[in-house]
file coords_15.pdb (PDB, C-alpha atoms)
ATOM      1  CA  MET A   1     -15.925  -4.639  26.734
ATOM      2  CA  ALA A   2     -18.773  -5.072  29.239
ATOM      3  CA  ASP A   3     -20.218  -7.921  27.154
ATOM      4  CA  LEU A   4     -16.836  -9.596  26.909
ATOM      5  CA  ALA A   5     -16.303  -9.220  30.673
ATOM      6  CA  GLU A   6     -19.665 -10.909  31.320
ATOM      7  CA  LEU A   7     -18.824 -13.766  28.950
ATOM      8  CA  ALA A   8     -15.435 -14.278  30.594
ATOM      9  CA  GLY A   9     -16.751 -13.848  34.129
ATOM     10  CA  VAL A  10     -14.267 -11.075  34.928
ATOM     11  CA  SER A  11     -14.315  -7.301  35.381
ATOM     12  CA  LYS A  12     -13.978  -4.779  32.536
ATOM     13  CA  ILE A  13     -10.590  -3.655  33.833
ATOM     14  CA  THR A  14      -9.388  -7.280  33.693
ATOM     15  CA  VAL A  15     -10.509  -7.508  30.069
ATOM     16  CA  SER A  16      -8.666  -4.274  29.275
ATOM     17  CA  ARG A  17      -5.503  -5.492  30.960
ATOM     18  CA  ALA A  18      -5.696  -8.925  29.328
ATOM     19  CA  LEU A  19      -5.994  -7.420  25.852
ATOM     20  CA  SER A  20      -3.086  -5.073  26.604
ATOM     21  CA  GLU A  21      -0.864  -8.030  27.650
ATOM     22  CA  SER A  22      -0.621  -6.659  31.188
ATOM     23  CA  PRO A  23       1.401  -8.798  33.620
ATOM     24  CA  LEU A  24      -1.204  -7.931  36.270
ATOM     25  CA  VAL A  25      -3.454 -10.613  34.732
ATOM     26  CA  ASN A  26      -2.315 -14.239  34.989
ATOM     27  CA  ALA A  27      -1.474 -16.045  31.757
ATOM     28  CA  GLN A  28      -4.454 -18.418  31.857
ATOM     29  CA  THR A  29      -6.983 -15.582  32.224
ATOM     30  CA  ARG A  30      -5.229 -13.538  29.546
ATOM     31  CA  GLU A  31      -5.422 -16.388  27.061
ATOM     32  CA  ARG A  32      -9.114 -17.066  27.881
ATOM     33  CA  VAL A  33     -10.096 -13.418  27.444
ATOM     34  CA  GLN A  34      -8.074 -13.089  24.231
ATOM     35  CA  ALA A  35      -9.614 -16.259  22.806
ATOM     36  CA  LEU A  36     -13.153 -14.932  23.518
ATOM     37  CA  ALA A  37     -12.202 -11.591  21.959
ATOM     38  CA  ARG A  38     -11.003 -13.327  18.786
ATOM     39  CA  LYS A  39     -14.136 -15.490  18.660
ATOM     40  CA  HIS A  40     -16.458 -12.484  18.856
ATOM     41  CA  GLY A  41     -14.330 -10.168  16.710
ATOM     42  CA  TYR A  42     -13.603  -7.732  19.535
ATOM     43  CA  LYS A  43     -10.553  -5.452  19.294
ATOM     44  CA  LEU A  44      -9.260  -2.952  21.815
ATOM     45  CA  ASN A  45     -10.000   0.574  20.558
ATOM     46  CA  VAL A  46      -6.525   2.057  20.894
ATOM     47  CA  SER A  47      -7.609   5.532  19.782
ATOM     48  CA  ALA A  48     -10.383   5.634  22.369
ATOM     49  CA  ARG A  49      -8.022   4.401  25.081
ATOM     50  CA  ASN A  50      -5.447   7.047  24.196
ATOM     51  CA  LEU A  51      -8.127   9.739  24.203
ATOM     52  CA  ARG A  52      -9.245   8.617  27.648
ATOM     53  CA  LEU A  53      -5.668   8.567  28.950
ATOM     54  CA  ARG A  54      -4.833  11.799  27.082
ATOM     55  CA  ARG A  55      -1.794  10.051  25.645
ATOM     56  CA  SER A  56      -1.009   8.910  22.115
ATOM     57  CA  HIS A  57       1.906   6.684  23.201
ATOM     58  CA  THR A  58       3.755   8.094  20.199
ATOM     59  CA  VAL A  59       7.000  10.062  20.017
ATOM     60  CA  ALA A  60       7.673  12.091  16.879
ATOM     61  CA  VAL A  61      11.242  12.022  15.570
ATOM     62  CA  ILE A  62      12.082  14.871  13.184
ATOM     63  CA  VAL A  63      15.269  14.576  11.124
ATOM     64  CA  GLU A  64      16.527  18.071  10.376
ATOM     65  CA  MET A  65      18.532  17.412   7.229
ATOM     66  CA  LYS A  66      18.087  17.717   3.496
ATOM     67  CA  PRO A  67      18.802  14.290   1.971
ATOM     68  CA  SER A  68      20.761  14.147  -1.275
ATOM     69  CA  SER A  69      22.396  11.469  -3.432
ATOM     70  CA  GLU A  70      25.631  12.088  -1.491
ATOM     71  CA  ARG A  71      24.118  12.568   1.971
ATOM     72  CA  THR A  72      21.383   9.989   2.415
ATOM     73  CA  MET A  73      18.936   9.036   5.160
ATOM     74  CA  TRP A  74      20.549   5.589   5.369
ATOM     75  CA  ASP A  75      23.956   6.964   6.364
ATOM     76  CA  PRO A  76      25.058   6.234   9.966
ATOM     77  CA  TYR A  77      23.675   9.691  10.723
ATOM     78  CA  PRO A  78      20.736   9.566  11.146
ATOM     79  CA  LEU A  79      20.237   5.786  10.882
ATOM     80  CA  SER A  80      22.312   4.764  13.928
ATOM     81  CA  LEU A  81      20.602   7.388  16.078
ATOM     82  CA  LEU A  82      17.212   6.159  14.869
ATOM     83  CA  GLY A  83      18.162   2.591  15.754
ATOM     84  CA  GLY A  84      18.881   3.511  19.372
ATOM     85  CA  ILE A  85      15.742   5.665  19.577
ATOM     86  CA  SER A  86      13.458   2.996  18.096
ATOM     87  CA  GLN A  87      14.810   0.212  20.293
ATOM     88  CA  GLU A  88      14.295   2.195  23.491
ATOM     89  CA  LEU A  89      10.864   3.626  22.624
ATOM     90  CA  THR A  90       9.500   0.318  21.330
ATOM     91  CA  SER A  91      10.674  -1.449  24.483
ATOM     92  CA  ALA A  92       8.715   1.138  26.492
ATOM     93  CA  GLY A  93       5.524   0.505  24.485
ATOM     94  CA  TYR A  94       5.727   3.679  22.383
ATOM     95  CA  SER A  95       5.355   4.065  18.636
ATOM     96  CA  VAL A  96       7.897   6.071  16.627
ATOM     97  CA  LEU A  97       6.613   8.631  14.135
ATOM     98  CA  LEU A  98       9.475   9.511  11.791
ATOM     99  CA  THR A  99       9.323  12.638   9.658
ATOM    100  CA  THR A 100      11.305  15.603   8.326
ATOM    101  CA  ARG A 101      10.696  19.363   8.436
ATOM    102  CA  GLN A 102       8.120  19.052   5.643
ATOM    103  CA  GLY A 103       5.941  16.768   7.772
ATOM    104  CA  ALA A 104       6.256  18.616  11.072
ATOM    105  CA  SER A 105       2.854  20.310  10.660
ATOM    106  CA  ASN A 106       1.119  16.940  10.322
ATOM    107  CA  ALA A 107      -1.684  16.418  12.862
ATOM    108  CA  ALA A 108      -0.117  13.150  14.023
ATOM    109  CA  VAL A 109       3.109  14.974  14.948
ATOM    110  CA  GLN A 110       1.187  17.599  16.910
ATOM    111  CA  ALA A 111      -0.716  14.840  18.734
ATOM    112  CA  ALA A 112       2.477  13.068  19.824
ATOM    113  CA  ASP A 113       3.369  12.848  23.509
ATOM    114  CA  GLY A 114       6.915  14.067  22.894
ATOM    115  CA  LEU A 115       9.394  15.099  20.234
ATOM    116  CA  ILE A 116      12.988  14.164  19.417
ATOM    117  CA  LEU A 117      14.756  16.577  17.086
ATOM    118  CA  LEU A 118      17.824  15.305  15.239
ATOM    119  CA  GLY A 119      19.710  18.462  14.303
ATOM    120  CA  GLN A 120      19.363  21.988  15.651
ATOM    121  CA  GLY A 121      19.532  23.742  12.306
ATOM    122  CA  ALA A 122      21.665  26.749  11.437
ATOM    123  CA  ARG A 123      21.576  29.300  14.255
ATOM    124  CA  GLN A 124      19.100  27.100  16.194
ATOM    125  CA  ASP A 125      16.307  27.818  13.684
ATOM    126  CA  ALA A 126      14.959  24.255  13.829
ATOM    127  CA  VAL A 127      14.826  24.300  17.630
ATOM    128  CA  ARG A 128      12.858  27.541  17.644
ATOM    129  CA  LEU A 129      10.493  26.233  14.965
ATOM    130  CA  TYR A 130       9.557  23.023  16.794
ATOM    131  CA  ASP A 131       9.376  24.739  20.166
ATOM    132  CA  LYS A 132       6.090  26.171  18.933
ATOM    133  CA  LEU A 133       4.530  22.692  19.069
ATOM    134  CA  GLY A 134       4.651  22.901  22.881
ATOM    135  CA  LEU A 135       5.710  19.259  23.276
ATOM    136  CA  PRO A 136       8.329  17.787  25.633
ATOM    137  CA  MET A 137      11.386  17.946  23.365
ATOM    138  CA  VAL A 138      14.913  16.543  23.420
ATOM    139  CA  VAL A 139      17.457  17.685  20.825
ATOM    140  CA  TRP A 140      20.498  15.956  19.349
ATOM    141  CA  GLY A 141      23.272  18.509  19.030
ATOM    142  CA  ALA A 142      25.379  20.812  21.160
ATOM    143  CA  PRO A 143      24.294  22.864  24.191
ATOM    144  CA  GLU A 144      24.237  26.619  23.744
ATOM    145  CA  GLU A 145      27.083  28.662  25.151
ATOM    146  CA  GLU A 146      26.681  30.462  28.494
ATOM    147  CA  GLY A 147      23.424  32.420  28.603
ATOM    148  CA  GLY A 148      21.822  30.310  25.864
ATOM    149  CA  ASP A 149      18.505  28.499  25.944
ATOM    150  CA  ASN A 150      17.533  25.758  28.362
ATOM    151  CA  HIS A 151      16.547  22.977  25.973
ATOM    152  CA  ILE A 152      17.427  19.400  26.869
ATOM    153  CA  VAL A 153      20.275  18.426  24.557
ATOM    154  CA  VAL A 154      22.072  15.116  24.049
ATOM    155  CA  GLY A 155      25.239  15.109  21.980
ATOM    156  CA  SER A 156      28.912  14.367  21.713
ATOM    157  CA  ASP A 157      31.618  16.550  23.207
ATOM    158  CA  ASN A 158      32.201  18.511  20.020
ATOM    159  CA  ARG A 159      34.595  20.956  21.647
ATOM    160  CA  GLN A 160      36.768  18.087  22.864
ATOM    161  CA  GLY A 161      36.586  16.638  19.352
ATOM    162  CA  GLY A 162      38.161  19.827  18.012
ATOM    163  CA  ILE A 163      40.800  19.814  20.737
ATOM    164  CA  ILE A 164      41.963  16.248  20.073
ATOM    165  CA  VAL A 165      42.272  16.949  16.342
ATOM    166  CA  ALA A 166      44.425  20.005  17.082
ATOM    167  CA  GLU A 167      46.549  17.963  19.501
ATOM    168  CA  ARG A 168      47.112  15.323  16.832
ATOM    169  CA  PHE A 169      48.171  17.851  14.205
ATOM    170  CA  LEU A 170      50.540  19.526  16.673
ATOM    171  CA  SER A 171      52.077  16.199  17.684
ATOM    172  CA  ILE A 172      53.023  15.393  14.076
ATOM    173  CA  GLY A 173      54.416  18.852  13.375
ATOM    174  CA  ARG A 174      51.605  20.436  11.369
ATOM    175  CA  ARG A 175      51.634  24.238  11.570
ATOM    176  CA  HIS A 176      49.316  25.438   8.780
ATOM    177  CA  PRO A 177      45.885  23.842   9.432
ATOM    178  CA  VAL A 178      42.563  24.445   7.695
ATOM    179  CA  PHE A 179      39.060  23.946   9.128
ATOM    180  CA  ILE A 180      36.263  23.043   6.659
ATOM    181  CA  GLY A 181      32.660  23.307   7.891
ATOM    182  CA  ASN A 182      29.753  25.583   8.724
ATOM    183  CA  PRO A 183      30.018  27.106  12.229
ATOM    184  CA  ASP A 184      26.453  28.446  11.946
ATOM    185  CA  HIS A 185      25.502  24.988  13.232
ATOM    186  CA  PRO A 186      26.097  24.708  17.006
ATOM    187  CA  GLU A 187      27.880  21.349  16.739
ATOM    188  CA  MET A 188      30.278  22.632  14.079
ATOM    189  CA  ALA A 189      30.867  25.823  16.048
ATOM    190  CA  GLN A 190      31.938  23.832  19.105
ATOM    191  CA  ARG A 191      34.351  21.769  16.993
ATOM    192  CA  LEU A 192      35.845  24.958  15.595
ATOM    193  CA  PHE A 193      36.135  26.601  19.037
ATOM    194  CA  GLY A 194      37.992  23.624  20.492
ATOM    195  CA  PHE A 195      40.276  23.442  17.455
ATOM    196  CA  VAL A 196      41.069  27.172  17.454
ATOM    197  CA  ASP A 197      41.619  27.430  21.223
ATOM    198  CA  GLU A 198      44.026  24.504  21.387
ATOM    199  CA  LEU A 199      46.051  25.754  18.416
ATOM    200  CA  ALA A 200      46.145  29.275  19.907
ATOM    201  CA  HIS A 201      48.121  27.934  22.874
ATOM    202  CA  HIS A 202      50.883  27.234  20.362
ATOM    203  CA  GLY A 203      50.612  30.500  18.429
ATOM    204  CA  ILE A 204      48.813  28.937  15.450
ATOM    205  CA  LYS A 205      45.679  30.345  13.810
ATOM    206  CA  PRO A 206      43.840  27.983  11.427
ATOM    207  CA  LEU A 207      42.193  29.081   8.206
ATOM    208  CA  LEU A 208      38.393  28.745   8.192
ATOM    209  CA  LEU A 209      36.705  27.577   4.991
ATOM    210  CA  ARG A 210      32.915  27.872   5.297
ATOM    211  CA  ARG A 211      31.008  25.168   3.465
ATOM    212  CA  GLY A 212      27.241  24.804   3.908
ATOM    213  CA  ASP A 213      26.913  21.303   2.429
ATOM    214  CA  PHE A 214      28.456  18.358   4.245
ATOM    215  CA  THR A 215      29.127  16.463   1.023
ATOM    216  CA  LEU A 216      32.038  14.976  -0.874
ATOM    217  CA  GLU A 217      31.694  17.543  -3.666
ATOM    218  CA  SER A 218      31.839  20.369  -1.140
ATOM    219  CA  GLY A 219      35.138  18.979   0.178
ATOM    220  CA  VAL A 220      36.544  18.801  -3.341
ATOM    221  CA  ASP A 221      35.513  22.409  -3.980
ATOM    222  CA  ALA A 222      37.099  23.611  -0.724
ATOM    223  CA  VAL A 223      40.536  22.212  -1.567
ATOM    224  CA  ARG A 224      40.374  23.446  -5.154
ATOM    225  CA  SER A 225      39.661  26.946  -3.843
ATOM    226  CA  LEU A 226      42.741  26.743  -1.592
ATOM    227  CA  ALA A 227      44.883  25.684  -4.537
ATOM    228  CA  ALA A 228      43.487  28.446  -6.740
ATOM    229  CA  ARG A 229      44.470  31.032  -4.126
ATOM    230  CA  LYS A 230      47.870  29.368  -3.600
ATOM    231  CA  VAL A 231      47.210  29.082   0.143
ATOM    232  CA  ARG A 232      49.875  27.264   2.153
ATOM    233  CA  PHE A 233      48.438  24.444   4.276
ATOM    234  CA  ASP A 234      49.608  21.096   5.632
ATOM    235  CA  ALA A 235      46.552  19.827   7.585
ATOM    236  CA  ILE A 236      42.776  19.717   7.099
ATOM    237  CA  PHE A 237      40.133  19.217   9.797
ATOM    238  CA  ALA A 238      36.821  18.534   8.033
ATOM    239  CA  CYS A 239      33.538  18.589   9.946
ATOM    240  CA  SER A 240      32.254  15.401   8.334
ATOM    241  CA  ASP A 241      33.812  12.310   6.779
ATOM    242  CA  LEU A 242      32.267  13.152   3.404
ATOM    243  CA  LEU A 243      33.932  16.577   3.429
ATOM    244  CA  ALA A 244      37.229  14.923   4.382
ATOM    245  CA  MET A 245      37.012  12.328   1.613
ATOM    246  CA  GLY A 246      36.238  15.037  -0.921
ATOM    247  CA  ALA A 247      39.254  16.994   0.298
ATOM    248  CA  ILE A 248      41.501  13.948  -0.147
ATOM    249  CA  ARG A 249      40.159  13.334  -3.637
ATOM    250  CA  ALA A 250      41.015  16.918  -4.628
ATOM    251  CA  LEU A 251      44.465  16.706  -3.022
ATOM    252  CA  VAL A 252      45.287  13.578  -5.018
ATOM    253  CA  GLU A 253      44.082  15.284  -8.212
ATOM    254  CA  LEU A 254      46.443  18.164  -7.416
ATOM    255  CA  GLY A 255      49.388  15.795  -6.980
ATOM    256  CA  GLN A 256      49.529  16.077  -3.177
ATOM    257  CA  SER A 257      50.289  13.062  -0.983
ATOM    258  CA  VAL A 258      48.084  12.232   2.025
ATOM    259  CA  PRO A 259      49.362  12.250   4.736
ATOM    260  CA  ASN A 260      52.937  13.112   3.691
ATOM    261  CA  ASP A 261      52.113  16.544   2.268
ATOM    262  CA  VAL A 262      48.764  17.152   3.958
ATOM    263  CA  SER A 263      47.193  15.370   6.946
ATOM    264  CA  VAL A 264      43.381  15.019   6.911
ATOM    265  CA  ILE A 265      40.996  14.196   9.755
ATOM    266  CA  GLY A 266      37.224  13.848   9.356
ATOM    267  CA  TYR A 267      34.361  13.626  11.825
ATOM    268  CA  ASP A 268      31.830  10.841  12.549
ATOM    269  CA  ASP A 269      33.986   7.727  11.927
ATOM    270  CA  THR A 270      31.614   6.336   9.308
ATOM    271  CA  PRO A 271      32.069   2.875   7.743
ATOM    272  CA  LEU A 272      32.548   4.653   4.395
ATOM    273  CA  GLY A 273      35.454   6.612   5.846
ATOM    274  CA  ALA A 274      37.012   3.501   7.406
ATOM    275  CA  THR A 275      36.994   1.690   4.034
ATOM    276  CA  PHE A 276      38.110   4.722   2.009
ATOM    277  CA  LEU A 277      41.523   4.614   0.336
ATOM    278  CA  PRO A 278      43.512   5.667   2.230
ATOM    279  CA  PRO A 279      41.454   4.733   5.337
ATOM    280  CA  LEU A 280      40.313   7.980   6.926
ATOM    281  CA  SER A 281      41.333   9.191  10.380
ATOM    282  CA  SER A 282      38.209  10.541  12.081
ATOM    283  CA  VAL A 283      36.580  11.611  15.342
ATOM    284  CA  ARG A 284      34.121   9.006  16.609
ATOM    285  CA  GLN A 285      30.816   9.746  18.306
ATOM    286  CA  ASN A 286      28.557   6.974  19.635
ATOM    287  CA  TRP A 287      25.285   7.549  17.794
ATOM    288  CA  GLN A 288      23.496   4.405  18.963
ATOM    289  CA  GLU A 289      24.091   5.272  22.623
ATOM    290  CA  GLY A 290      22.993   8.809  21.798
ATOM    291  CA  GLY A 291      19.723   7.504  20.372
ATOM    292  CA  VAL A 292      19.028   5.504  23.523
ATOM    293  CA  LEU A 293      19.703   8.556  25.698
ATOM    294  CA  LEU A 294      17.428  10.758  23.574
ATOM    295  CA  ALA A 295      14.578   8.263  23.953
ATOM    296  CA  ARG A 296      15.071   7.803  27.699
ATOM    297  CA  LYS A 297      15.089  11.539  28.314
ATOM    298  CA  VAL A 298      11.966  12.288  26.269
ATOM    299  CA  LEU A 299      10.120   9.452  28.037
ATOM    300  CA  ALA A 300      11.168  10.881  31.411
ATOM    301  CA  MET A 301       9.917  14.324  30.351
ATOM    302  CA  ILE A 302       6.575  12.838  29.271
ATOM    303  CA  GLN A 303       6.275  11.337  32.765
ATOM    304  CA  GLY A 304       6.942  14.739  34.297
ATOM    305  CA  GLN A 305      10.396  13.868  35.622
ATOM    306  CA  SER A 306      13.304  16.287  35.869
ATOM    307  CA  VAL A 307      15.812  15.782  33.042
ATOM    308  CA  GLN A 308      19.295  17.159  32.375
ATOM    309  CA  SER A 309      21.253  17.577  29.151
ATOM    310  CA  GLN A 310      24.040  15.057  28.602
ATOM    311  CA  THR A 311      27.311  15.128  26.679
ATOM    312  CA  MET A 312      29.093  11.957  25.556
ATOM    313  CA  ALA A 313      32.833  11.532  25.076
ATOM    314  CA  THR A 314      34.473  11.677  21.649
ATOM    315  CA  THR A 315      37.599   9.805  20.574
ATOM    316  CA  LEU A 316      40.030  10.153  17.699
ATOM    317  CA  VAL A 317      40.449   7.087  15.495
ATOM    318  CA  VAL A 318      43.857   7.345  13.796
ATOM    319  CA  ARG A 319      44.131   5.531  10.480
ATOM    320  CA  ALA A 320      46.162   6.359   7.367
ATOM    321  CA  THR A 321      45.414  10.017   6.639
TER     322      THR A 321
END
call {"tool": "encode", "arguments": {"input": "coords_15.pdb", "output": "structure tokens"}}
result
Amino acid sequence: MADLAELAGVSKITVSRALSESPLVNAQTRERVQALARKHGYKLNVSARNLRLRRSHTVAVIVEMKPSSERTMWDPYPLSLLGGISQELTSAGYSVLLTTRQGASNAAVQAADGLILLGQGARQDAVRLYDKLGLPMVVWGAPEEEGGDNHIVVGSDNRQGGIIVAERFLSIGRRHPVFIGNPDHPEMAQRLFGFVDELAHHGIKPLLLRRGDFTLESGVDAVRSLAARKVRFDAIFACSDLLAMGAIRALVELGQSVPNDVSVIGYDDTPLGATFLPPLSSVRQNWQEGGVLLARKVLAMIQGQSVQSQTMATTLVVRAT
């Protein structure tokens, strides 16, 4: 860098800024320094710069999910979240290191400046696991109930999501609802709490069907188990669109009409649900905006700024089910 500065007739700091596209150096000087660098084969040593600054300018994004043929990594979750995250971090000059639980012990993850965790895991196990890395961390999910931990969390208003589903069922005269999901996950628990509390105001207690997999097959199995036990029900609130679509498939197989005999509402408002036959009613959460917020908050934490958790509104999209 000293040799290049002498050739260009500028200081070393000017060379560094010119090669980093800094606006502090005028365009003509930037181009002259960059042309000399190309001529002499000089490249900025990014690793050495990061070591000097004690920053990697990388944020690790860990997706806490087990992909399957039914629940893929290219579904809106997590892809829409990743889109918002990547756009915001890239605009800020940061690289995105994407991995899953299996890659969390990688040295590059541990060297990152910050961490975004997509999914808290059952009973917060993922949060506790990645806490050990000691990195500024922002989590996509649901805040803990009173007296819980103090992690920074960005997520949708899951409790309100449960409430608006209950309100919809009540408004169309449904009195025997079923909830399908796994309340061990904080987000699902909040959906269940909102659903149960709103129904309780009207003297109704929903049936809980625990299902660990958020897949179409799991939804099919849930409804078949209800039929096998001859359980009376006229409404289903499923904690994912895939669960809801599986439930509808099983209902049709059993000769039930949706929504005449049984109303079904999913969660996530995925394109697959919107194009399903019949088009699925579902609770919408804005994943892309969520991704942007996750990135902004982890960047603020890296800079030492004070950051607060944030909850986004949810809305019910009523279609044909």
call {"tool": "resolve_selection", "arguments": {"input": "coords_15.pdb", "expression": "the PyMOL selection byres ((chain A and resi 243) around 12)", "output": "mmCIF file with C-alpha atoms, in the frame of the given file"}}
result
data_model
loop_
_atom_site.group_PDB
_atom_site.id
_atom_site.type_symbol
_atom_site.label_atom_id
_atom_site.label_comp_id
_atom_site.auth_asym_id
_atom_site.auth_seq_id
_atom_site.Cartn_x
_atom_site.Cartn_y
_atom_site.Cartn_z
ATOM 1 C CA GLU A 70 25.631 12.088 -1.491
ATOM 2 C CA ARG A 71 24.118 12.568 1.971
ATOM 3 C CA PHE A 179 39.060 23.946 9.128
ATOM 4 C CA ILE A 180 36.263 23.043 6.659
ATOM 5 C CA GLY A 181 32.660 23.307 7.891
ATOM 6 C CA ASN A 182 29.753 25.583 8.724
ATOM 7 C CA LEU A 209 36.705 27.577 4.991
ATOM 8 C CA ARG A 210 32.915 27.872 5.297
ATOM 9 C CA ARG A 211 31.008 25.168 3.465
ATOM 10 C CA GLY A 212 27.241 24.804 3.908
ATOM 11 C CA ASP A 213 26.913 21.303 2.429
ATOM 12 C CA PHE A 214 28.456 18.358 4.245
ATOM 13 C CA THR A 215 29.127 16.463 1.023
ATOM 14 C CA LEU A 216 32.038 14.976 -0.874
ATOM 15 C CA GLU A 217 31.694 17.543 -3.666
ATOM 16 C CA SER A 218 31.839 20.369 -1.140
ATOM 17 C CA GLY A 219 35.138 18.979 0.178
ATOM 18 C CA VAL A 220 36.544 18.801 -3.341
ATOM 19 C CA ASP A 221 35.513 22.409 -3.980
ATOM 20 C CA ALA A 222 37.099 23.611 -0.724
ATOM 21 C CA VAL A 223 40.536 22.212 -1.567
ATOM 22 C CA ILE A 236 42.776 19.717 7.099
ATOM 23 C CA PHE A 237 40.133 19.217 9.797
ATOM 24 C CA ALA A 238 36.821 18.534 8.033
ATOM 25 C CA CYS A 239 33.538 18.589 9.946
ATOM 26 C CA SER A 240 32.254 15.401 8.334
ATOM 27 C CA ASP A 241 33.812 12.310 6.779
ATOM 28 C CA LEU A 242 32.267 13.152 3.404
ATOM 29 C CA ALA A 244 37.229 14.923 4.382
ATOM 30 C CA MET A 245 37.012 12.328 1.613
ATOM 31 C CA GLY A 246 36.238 15.037 -0.921
ATOM 32 C CA ALA A 247 39.254 16.994 0.298
ATOM 33 C CA ILE A 248 41.501 13.948 -0.147
ATOM 34 C CA ARG A 249 40.159 13.334 -3.637
ATOM 35 C CA ALA A 250 41.015 16.918 -4.628
ATOM 36 C CA VAL A 264 43.381 15.019 6.911
ATOM 37 C CA ILE A 265 40.996 14.196 9.755
ATOM 38 C CA GLY A 266 37.224 13.848 9.356
ATOM 39 C CA TYR A 267 34.361 13.626 11.825
ATOM 40 C CA ASP A 268 31.830 10.841 12.549
ATOM 41 C CA GLY A 273 35.454 6.612 5.846
ATOM 42 C CA LEU A 280 40.313 7.980 6.926
ATOM 43 C CA SER A 282 38.209 10.541 12.081
#
call {"tool": "residues_around", "arguments": {"input": "coords_15.pdb", "residues": "Val292 in chain A", "least_positions_apart": "3", "cutoff": "10 Å", "atoms": "only C-alpha atoms", "output": "list of chain:residue names"}}
result
A:Leu81, A:Leu82, A:Gly83, A:Gly84, A:Ile85, A:Ser86, A:Gln87, A:Glu88, A:Leu89, A:Trp287, A:Gln288, A:Glu289, A:Ala295, A:Arg296, A:Lys297
call {"tool": "resolve_selection", "arguments": {"input": "coords_15.pdb", "expression": "the PyMOL selection byres ((chain A and resi 263) around 7)", "output": "list in words"}}
result
Asp234, Ala235, Ile236, Val258, Pro259, Asn260, Asp261, Val262, Val264, Ile265 and Thr321 of chain A
call {"tool": "write_last_selection", "arguments": {"input": "coords_15.pdb", "atoms": "C-alpha atoms", "output": "short mmCIF file (atom, residue, chain, number, x, y, z; two decimals), in the frame of the given file"}}
result
data_model
loop_
_atom_site.label_atom_id
_atom_site.label_comp_id
_atom_site.auth_asym_id
_atom_site.auth_seq_id
_atom_site.Cartn_x
_atom_site.Cartn_y
_atom_site.Cartn_z
CA ASP A 234 49.61 21.10 5.63
CA ALA A 235 46.55 19.83 7.58
CA ILE A 236 42.78 19.72 7.10
CA VAL A 258 48.08 12.23 2.02
CA PRO A 259 49.36 12.25 4.74
CA ASN A 260 52.94 13.11 3.69
CA ASP A 261 52.11 16.54 2.27
CA VAL A 262 48.76 17.15 3.96
CA VAL A 264 43.38 15.02 6.91
CA ILE A 265 41.00 14.20 9.76
CA THR A 321 45.41 10.02 6.64
#
call {"tool": "residues_around", "arguments": {"input": "coords_15.pdb", "residues": "Leu24 in chain A", "least_positions_apart": "6", "cutoff": "12 Å", "atoms": "only C-alpha atoms", "output": "PDB file with C-alpha atoms, in the coordinates of the input"}}
result
ATOM      1  CA  ILE A  13     -10.590  -3.655  33.833  1.00  0.00           C
ATOM      2  CA  THR A  14      -9.388  -7.280  33.693  1.00  0.00           C
ATOM      3  CA  VAL A  15     -10.509  -7.508  30.069  1.00  0.00           C
ATOM      4  CA  SER A  16      -8.666  -4.274  29.275  1.00  0.00           C
ATOM      5  CA  ARG A  17      -5.503  -5.492  30.960  1.00  0.00           C
ATOM      6  CA  ALA A  18      -5.696  -8.925  29.328  1.00  0.00           C
ATOM      7  CA  ARG A  30      -5.229 -13.538  29.546  1.00  0.00           C
TER       8      ARG A  30
END
call {"tool": "axis_aligned_box", "arguments": {"input": "coords_15.pdb", "around": "range 59-65 of chain A", "padding_each_side": "5 Å", "output": "JSON"}}
result
{"center_x": 12.8, "center_y": 14.1, "center_z": 13.6, "size_x": 21.5, "size_y": 18.0, "size_z": 22.8}
call {"tool": "atom_distance", "arguments": {"input": "coords_15.pdb", "atom1": "CA of Gly291 in chain A", "atom2": "CA of Pro186 in chain A"}}
result
18.7 Å
call {"tool": "resolve_selection", "arguments": {"input": "coords_15.pdb", "expression": "the PyMOL selection byres ((chain A and resi 36) around 12)", "output": "list of chain:residue names"}}
result
A:Met1, A:Asp3, A:Leu4, A:Ala5, A:Glu6, A:Leu7, A:Ala8, A:Gly9, A:Val15, A:Ala18, A:Leu19, A:Thr29, A:Arg30, A:Glu31, A:Arg32, A:Val33, A:Gln34, A:Ala35, A:Ala37, A:Arg38, A:Lys39, A:His40, A:Gly41, A:Tyr42, A:Lys43
call {"tool": "closest_atom_pairs", "arguments": {"input": "coords_15.pdb", "of": "range 166-185 of chain A", "to": "range 111-135 of chain A", "cutoff": "9 Å", "atoms": "only C-alpha atoms", "output": "Markdown table"}}
result
| residue | atom | partner | partner_atom | distance |
| --- | --- | --- | --- | --- |
| A:Asn182 | CA | A:Ala122 | CA | 8.6 |
| A:Pro183 | CA | A:Ala122 | CA | 8.4 |
| A:Asp184 | CA | A:Ala122 | CA | 5.1 |
| A:His185 | CA | A:Ala122 | CA | 4.6 |
call {"tool": "write_last_selection", "arguments": {"input": "coords_15.pdb", "atoms": "C-alpha atoms", "output": "PDB file, keeping the file's coordinate frame"}}
result
ATOM      1  CA  ASN A 182      29.753  25.583   8.724  1.00  0.00           C
ATOM      2  CA  PRO A 183      30.018  27.106  12.229  1.00  0.00           C
ATOM      3  CA  ASP A 184      26.453  28.446  11.946  1.00  0.00           C
ATOM      4  CA  HIS A 185      25.502  24.988  13.232  1.00  0.00           C
TER       5      HIS A 185
END
call {"tool": "residues_around", "arguments": {"input": "coords_15.pdb", "residues": "range 94-109 of chain A", "least_positions_apart": "6", "cutoff": "7 Å", "atoms": "all atoms listed in the file", "output": "ChimeraX atom specification"}}
result
/A:57-64,86
call {"tool": "closest_residue", "arguments": {"input": "coords_15.pdb", "among": "A:Arg229, A:His151, A:Arg159, A:Arg319", "to": "Ala189 in chain A", "atoms": "all atoms listed in the file"}}
result
A:Arg159
call {"tool": "atom_distance", "arguments": {"input": "coords_15.pdb", "atom1": "CA of Gly161 in chain A", "atom2": "CA of Pro143 in chain A"}}
result
14.6 Å
